[in-house]
Amino acid sequence: MDNIIQETFTKLKELGNLFQSQRQIQLLVLAAYLMLWLFTSGSLSTTIWVGVGVGVGWMIGRGSGSE
């Protein structure tokens with residue numbers, strides 16, 4: 001059982017590293033999130049504001065990591 005948990009965490013860590021290093025994957029995940037938000041909320045204007053907020057937060061997060 002411990003071996004399965006260890007393998008799972010190793011795979012998740014590899015996936016996290018891949019996500020952090022690949023900008024295309026980040027943009028794809030962001031687009032999928034916004035599409036899901038649009039379909040569940042039904043409001044295009046709310047989806048745009050959420051996209052702006054996520055984008056600003058993402059830029060701030062990336063800026064603080066480069067220091």
# chains A, B, ... in the order shown; residues from 1 in each chain; ligands from 1
>>> residues_around(residues="stretch 44-53 of chain A", least_positions_apart="6", cutoff="8 Å", atoms="only C-alpha atoms", output="list in words")
Leu34, Trp37 and Leu38 of chain A
>>> residues_around(residues="A:Gln26", least_positions_apart="3", cutoff="12 Å", atoms="only C-alpha atoms", output="PyMOL selection string")
chain A and resi 15-23+29-33+54-55+58+62
